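Just below is one structure, and these are the notes that go with it.
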Amino acid sequence: MKIKDGFILRKFSDKIVAVAEDDYADNSNSFIKMNSSAEFVWNFLRQDRTYEEVVDALLEKYDIDRQTAENDLNGFLSVVRNAGLLDEQS
Amino acid sequence: MSSPEQIIKEFGFYSAPVHGMSMYPLLKNHRDSVYIEPPEHLKKYDVVLFRRKNGQLVLHRIVSIEKSCFLVCGDNEFFKETIQKEQIIGKMTEFCRNNKNGKTAGLKFKIYSHCWCSSFFIRKILLYIYTKFDRD
């Protein structure tokens, strides 16, 4: 799975949001607010990764157990999936 | 998909890419994005996001404040539009222009706003020159 092209992270004030850019801006108005770990996963998923790869990356980056990492990742994935920004075919 | 009104209510802010050229040369279609906060303490020169009666979302600048309404105009436009306070969804407090962040509270933005708004009549010439040399 990977994050679809056409979206970029912007930092405003203390917020991180994903906004559409270029030609995608006309078709999508997806709004996603993120925290720093979501930003990390977002950037990691700019390339095609498996679920396990993302969990392993989270475990390496943050001092958390596997269950917490999976819960966080599931929450993030459901938000991104609902916004239509997740490409699960690749 | 949630509307900007709902998002501002839920999160306290809204962010979106820029559509159209009405705020050019400050903001360019598809390239730039804006950060919108609830519309408090509105002043002349503030850039506000509002909804037209036909449902269209518009980002324009306040050029005059009347007793019960606001006169707004796009930086790239010459037609002033009257809107009610209830139509205003939020005001732009930050923006990302060509990958660089800017704040509307900064001095640079204030000087730009004043100069641009006071040049209403020579804007056509300025815009013509700017467009001609903007090869991006």
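Each chain in the structure tokens gets a letter, A, B, ..., in the order shown, and its residues are numbered from 1; ligands are numbered from 1 in order too.
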All helix (DSSP H, G or I) residues (DSSP, backbone) inside stretch 3-76 of chain B, as a list in words: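 Put together, the selection reads Pro4, Glu5, Gln6, Ile7, Ile8, Lys9, Glu10 and Phe11 of chain B.
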Could those selected residues go to a file with N, CA and C atoms, as a PDB file, in the first residue's frame?
```pdb
ATOM      1  N   PRO B   4     -16.058  22.952   4.734  1.00  0.00           N
ATOM      2  CA  PRO B   4     -15.150  23.798   5.515  1.00  0.00           C
ATOM      3  C   PRO B   4     -15.806  24.297   6.801  1.00  0.00           C
ATOM      4  N   GLU B   5     -17.114  24.603   6.717  1.00  0.00           N
ATOM      5  CA  GLU B   5     -17.829  25.081   7.912  1.00  0.00           C
ATOM      6  C   GLU B   5     -17.760  24.033   9.024  1.00  0.00           C
ATOM      7  N   GLN B   6     -18.020  22.760   8.649  1.00  0.00           N
ATOM      8  CA  GLN B   6     -17.999  21.677   9.639  1.00  0.00           C
ATOM      9  C   GLN B   6     -16.596  21.449  10.175  1.00  0.00           C
ATOM     10  N   ILE B   7     -15.605  21.516   9.285  1.00  0.00           N
ATOM     11  CA  ILE B   7     -14.219  21.258   9.697  1.00  0.00           C
ATOM     12  C   ILE B   7     -13.738  22.334  10.667  1.00  0.00           C
ATOM     13  N   ILE B   8     -14.045  23.603  10.373  1.00  0.00           N
ATOM     14  CA  ILE B   8     -13.644  24.695  11.278  1.00  0.00           C
ATOM     15  C   ILE B   8     -14.296  24.516  12.644  1.00  0.00           C
ATOM     16  N   LYS B   9     -15.547  24.096  12.615  1.00  0.00           N
ATOM     17  CA  LYS B   9     -16.269  23.895  13.871  1.00  0.00           C
ATOM     18  C   LYS B   9     -15.640  22.754  14.684  1.00  0.00           C
ATOM     19  N   GLU B  10     -15.267  21.706  13.990  1.00  0.00           N
ATOM     20  CA  GLU B  10     -14.738  20.525  14.667  1.00  0.00           C
ATOM     21  C   GLU B  10     -13.281  20.681  15.090  1.00  0.00           C
ATOM     22  N   PHE B  11     -12.436  21.223  14.185  1.00  0.00           N
ATOM     23  CA  PHE B  11     -10.999  21.278  14.445  1.00  0.00           C
ATOM     24  C   PHE B  11     -10.495  22.677  14.837  1.00  0.00           C
TER      25      PHE B  11
END
```
Please build the interface table for chain B against chain A with a cut-off of 9 Å, listing for each qualifying residue the nearest atom pair and the distance in Å to one decimal; count only C-alpha atoms, order rows by chain and increasing number, and write it as a Markdown table.
```
| residue | atom | partner | partner_atom | distance |
| --- | --- | --- | --- | --- |
| B:Met1 | CA | A:Ser30 | CA | 7.6 |
| B:Ser2 | CA | A:Phe31 | CA | 8.4 |
| B:Ile7 | CA | A:Phe31 | CA | 8.4 |
| B:Phe11 | CA | A:Lys33 | CA | 8.7 |
| B:Tyr14 | CA | A:Phe31 | CA | 7.9 |
| B:Ser15 | CA | A:Phe31 | CA | 7.1 |
| B:Ala16 | CA | A:Val19 | CA | 5.8 |
| B:Pro17 | CA | A:Ala25 | CA | 6.1 |
| B:Val18 | CA | A:Ala25 | CA | 7.6 |
| B:His19 | CA | A:Asp26 | CA | 7.0 |
| B:Asn29 | CA | A:Asp22 | CA | 8.1 |
| B:His30 | CA | A:Asp22 | CA | 4.6 |
| B:Arg31 | CA | A:Asp22 | CA | 5.8 |
| B:Asp32 | CA | A:Glu21 | CA | 7.8 |
| B:Ser33 | CA | A:Val19 | CA | 7.5 |
| B:Val34 | CA | A:Phe12 | CA | 8.7 |
| B:Tyr35 | CA | A:Phe12 | CA | 6.6 |
| B:Glu94 | CA | A:Phe12 | CA | 6.6 |
| B:Phe95 | CA | A:Phe12 | CA | 7.7 |
| B:Cys96 | CA | A:Arg10 | CA | 7.8 |
| B:Asn99 | CA | A:Arg10 | CA | 8.8 |
| B:Asn101 | CA | A:Phe12 | CA | 7.7 |
```
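Here atom CA of B:Lys28 is placed at a distance of 24.8 Å from atom CA of A:Met34.
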message: Please list as a PyMOL selection string every residue within 10 Å of A:Glu70, counting only C-alpha atoms and excluding residues in the same chain fewer than 2 positions away.
response: chain A and resi 51-52+54-56+58-59+65-68+72-76
Would you write out those residues with C-alpha atoms, as a compact mmCIF listing (two decimals), in the first residue's frame?
```txt
# COMPACT_ATOMS: atom_id res chain seq x y z
CA TYR A 51 1.61 -3.33 6.68
CA GLU A 52 4.41 -5.17 8.51
CA VAL A 54 5.21 0.18 8.50
CA VAL A 55 4.78 -1.44 11.92
CA ASP A 56 8.48 -2.32 12.03
CA LEU A 58 7.20 2.63 13.83
CA LEU A 59 8.78 0.27 16.37
CA ASP A 65 5.14 -1.88 21.83
CA ARG A 66 3.79 -3.69 18.79
CA GLN A 67 0.17 -3.48 19.92
CA THR A 68 0.35 0.33 20.30
CA ASP A 72 -1.90 3.84 15.86
CA LEU A 73 -1.33 2.59 12.35
CA ASN A 74 -4.87 1.22 12.05
CA GLY A 75 -6.26 4.58 13.15
CA PHE A 76 -4.13 6.42 10.63
```
Spatial neighbours of B:Cys117, max dist 9 Å, only C-alpha atoms, sep filter under 6 positions, as a PyMOL selection string: chain B and resi 45+63+75+123
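Distances from B:His114, B:Arg61, B:Arg52, B:Lys108 to B:Gln84 were compared using only C-alpha atoms, and the smallest one belongs to B:Arg52.
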task: Write out as a PyMOL selection string each polymer residue whose atoms come within 12 Å of B:Lys91, counting only C-alpha atoms; drop sequence neighbours fewer than 3 positions from it.
output: chain B and resi 4+8+12-15+34-50+58-62+85+87-88+94-95+103-105
Dump of N, CA and C atoms for the selected residues, as a CSV table (one decimal), in the first residue's frame:
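The new file part_38.csv reads:
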```csv
chain,number,residue,atom,x,y,z
B,4,PRO,N,-16.1,23.0,4.7
B,4,PRO,CA,-15.1,23.8,5.5
B,4,PRO,C,-15.8,24.3,6.8
B,8,ILE,N,-14.0,23.6,10.4
B,8,ILE,CA,-13.6,24.7,11.3
B,8,ILE,C,-14.3,24.5,12.6
B,12,GLY,N,-11.3,23.7,14.6
B,12,GLY,CA,-10.8,25.1,14.9
B,12,GLY,C,-10.0,25.7,13.8
B,13,PHE,N,-9.8,25.0,12.7
B,13,PHE,CA,-9.1,25.5,11.5
B,13,PHE,C,-9.5,24.7,10.3
B,14,TYR,N,-9.1,25.2,9.1
B,14,TYR,CA,-9.3,24.6,7.9
B,14,TYR,C,-8.2,24.9,6.9
B,15,SER,N,-7.8,23.9,6.1
B,15,SER,CA,-6.7,24.2,5.2
B,15,SER,C,-7.1,23.5,3.8
B,34,VAL,N,-3.9,27.4,1.7
B,34,VAL,CA,-4.2,28.4,2.7
B,34,VAL,C,-4.6,27.8,4.0
B,35,TYR,N,-4.4,28.5,5.1
B,35,TYR,CA,-4.7,28.1,6.4
B,35,TYR,C,-5.8,29.1,7.0
B,36,ILE,N,-6.9,28.5,7.3
B,36,ILE,CA,-8.1,29.4,7.6
B,36,ILE,C,-8.4,29.2,9.1
B,37,GLU,N,-8.6,30.3,9.8
B,37,GLU,CA,-9.1,30.2,11.2
B,37,GLU,C,-10.4,30.9,11.4
B,38,PRO,N,-11.1,30.6,12.5
B,38,PRO,CA,-12.4,31.3,12.6
B,38,PRO,C,-12.4,32.8,12.5
B,39,PRO,N,-13.4,33.4,11.9
B,39,PRO,CA,-13.4,34.8,11.6
B,39,PRO,C,-13.6,35.7,12.8
B,40,GLU,N,-12.6,35.9,13.5
B,40,GLU,CA,-12.7,36.8,14.7
B,40,GLU,C,-11.9,38.1,14.4
B,41,HIS,N,-12.4,39.2,14.9
B,41,HIS,CA,-11.8,40.6,14.8
B,41,HIS,C,-11.5,40.9,13.3
B,42,LEU,N,-12.5,40.8,12.4
B,42,LEU,CA,-12.2,41.1,11.0
B,42,LEU,C,-11.9,42.5,10.8
B,43,LYS,N,-10.8,42.7,10.0
B,43,LYS,CA,-10.4,44.1,9.7
B,43,LYS,C,-10.3,44.3,8.1
B,44,LYS,N,-10.2,45.5,7.7
B,44,LYS,CA,-9.9,45.8,6.3
B,44,LYS,C,-8.6,45.1,5.9
B,45,TYR,N,-8.5,44.6,4.8
B,45,TYR,CA,-7.4,43.9,4.2
B,45,TYR,C,-7.3,42.4,4.6
B,46,ASP,N,-8.1,42.0,5.5
B,46,ASP,CA,-8.1,40.6,5.8
B,46,ASP,C,-8.6,39.8,4.6
B,47,VAL,N,-8.0,38.6,4.4
B,47,VAL,CA,-8.4,37.7,3.4
B,47,VAL,C,-9.4,36.7,4.0
B,48,VAL,N,-10.6,36.6,3.5
B,48,VAL,CA,-11.6,35.8,4.1
B,48,VAL,C,-12.2,34.7,3.1
B,49,LEU,N,-12.5,33.6,3.7
B,49,LEU,CA,-13.2,32.5,3.0
B,49,LEU,C,-14.7,32.7,3.3
B,50,PHE,N,-15.5,32.8,2.2
B,50,PHE,CA,-16.9,32.9,2.4
B,50,PHE,C,-17.7,32.1,1.4
B,58,VAL,N,-15.5,31.1,-1.9
B,58,VAL,CA,-14.7,32.1,-2.4
B,58,VAL,C,-13.7,32.6,-1.4
B,59,LEU,N,-12.5,32.9,-1.8
B,59,LEU,CA,-11.5,33.5,-1.0
B,59,LEU,C,-11.1,34.9,-1.6
B,60,HIS,N,-11.6,35.9,-0.9
B,60,HIS,CA,-11.3,37.3,-1.3
B,60,HIS,C,-10.9,38.2,-0.1
B,61,ARG,N,-10.5,39.4,-0.5
B,61,ARG,CA,-10.0,40.3,0.5
B,61,ARG,C,-11.0,41.4,0.9
B,62,ILE,N,-11.1,41.7,2.2
B,62,ILE,CA,-12.0,42.7,2.6
B,62,ILE,C,-11.4,44.1,2.2
B,85,LYS,N,-21.9,39.1,7.3
B,85,LYS,CA,-21.0,38.5,8.2
B,85,LYS,C,-21.2,37.0,8.3
B,87,GLN,N,-22.0,35.0,6.1
B,87,GLN,CA,-21.4,34.2,5.0
B,87,GLN,C,-20.0,33.9,5.1
B,88,ILE,N,-19.3,34.6,6.1
B,88,ILE,CA,-17.9,34.4,6.2
B,88,ILE,C,-17.6,33.2,7.1
B,94,GLU,N,-2.5,32.1,7.6
B,94,GLU,CA,-1.3,31.7,7.1
B,94,GLU,C,-1.5,31.2,5.7
B,95,PHE,N,-0.4,31.1,4.9
B,95,PHE,CA,-0.6,30.6,3.5
B,95,PHE,C,0.8,30.0,3.1
B,103,LYS,N,2.8,34.4,6.9
B,103,LYS,CA,1.7,34.7,7.9
B,103,LYS,C,1.1,36.1,7.5
B,104,THR,N,-0.2,36.2,7.7
B,104,THR,CA,-0.9,37.4,7.4
B,104,THR,C,-0.6,38.5,8.5
B,105,ALA,N,-0.1,38.0,9.6
B,105,ALA,CA,0.2,39.0,10.7
B,105,ALA,C,1.5,39.7,10.5
```
- request: Grab the atom CA of B:Val72 to atom CA of B:Phe133 distance for me, in Å with one decimal place.
  value: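 Result for atom CA of B:Val72 versus atom CA of B:Phe133: 27.4 Å, one decimal.
Across the structure, atom CA of A:Ile3 and atom CA of B:Gly20 are spaced 25.9 Å apart.
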- request: Enumerate, as a PyMOL selection string, the complete set of residues in stretch 48-120 of chain B that a backbone-based DSSP assignment places in strand (DSSP E).
  value: chain B and resi 48-51+57-65+69-73+81-84+88-97+100-103
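Among the candidates B:Lys100, B:Arg51, B:Lys110, B:Lys132, the residue lying nearest to B:Leu27 is B:Lys100 (atoms considered: only C-alpha atoms).
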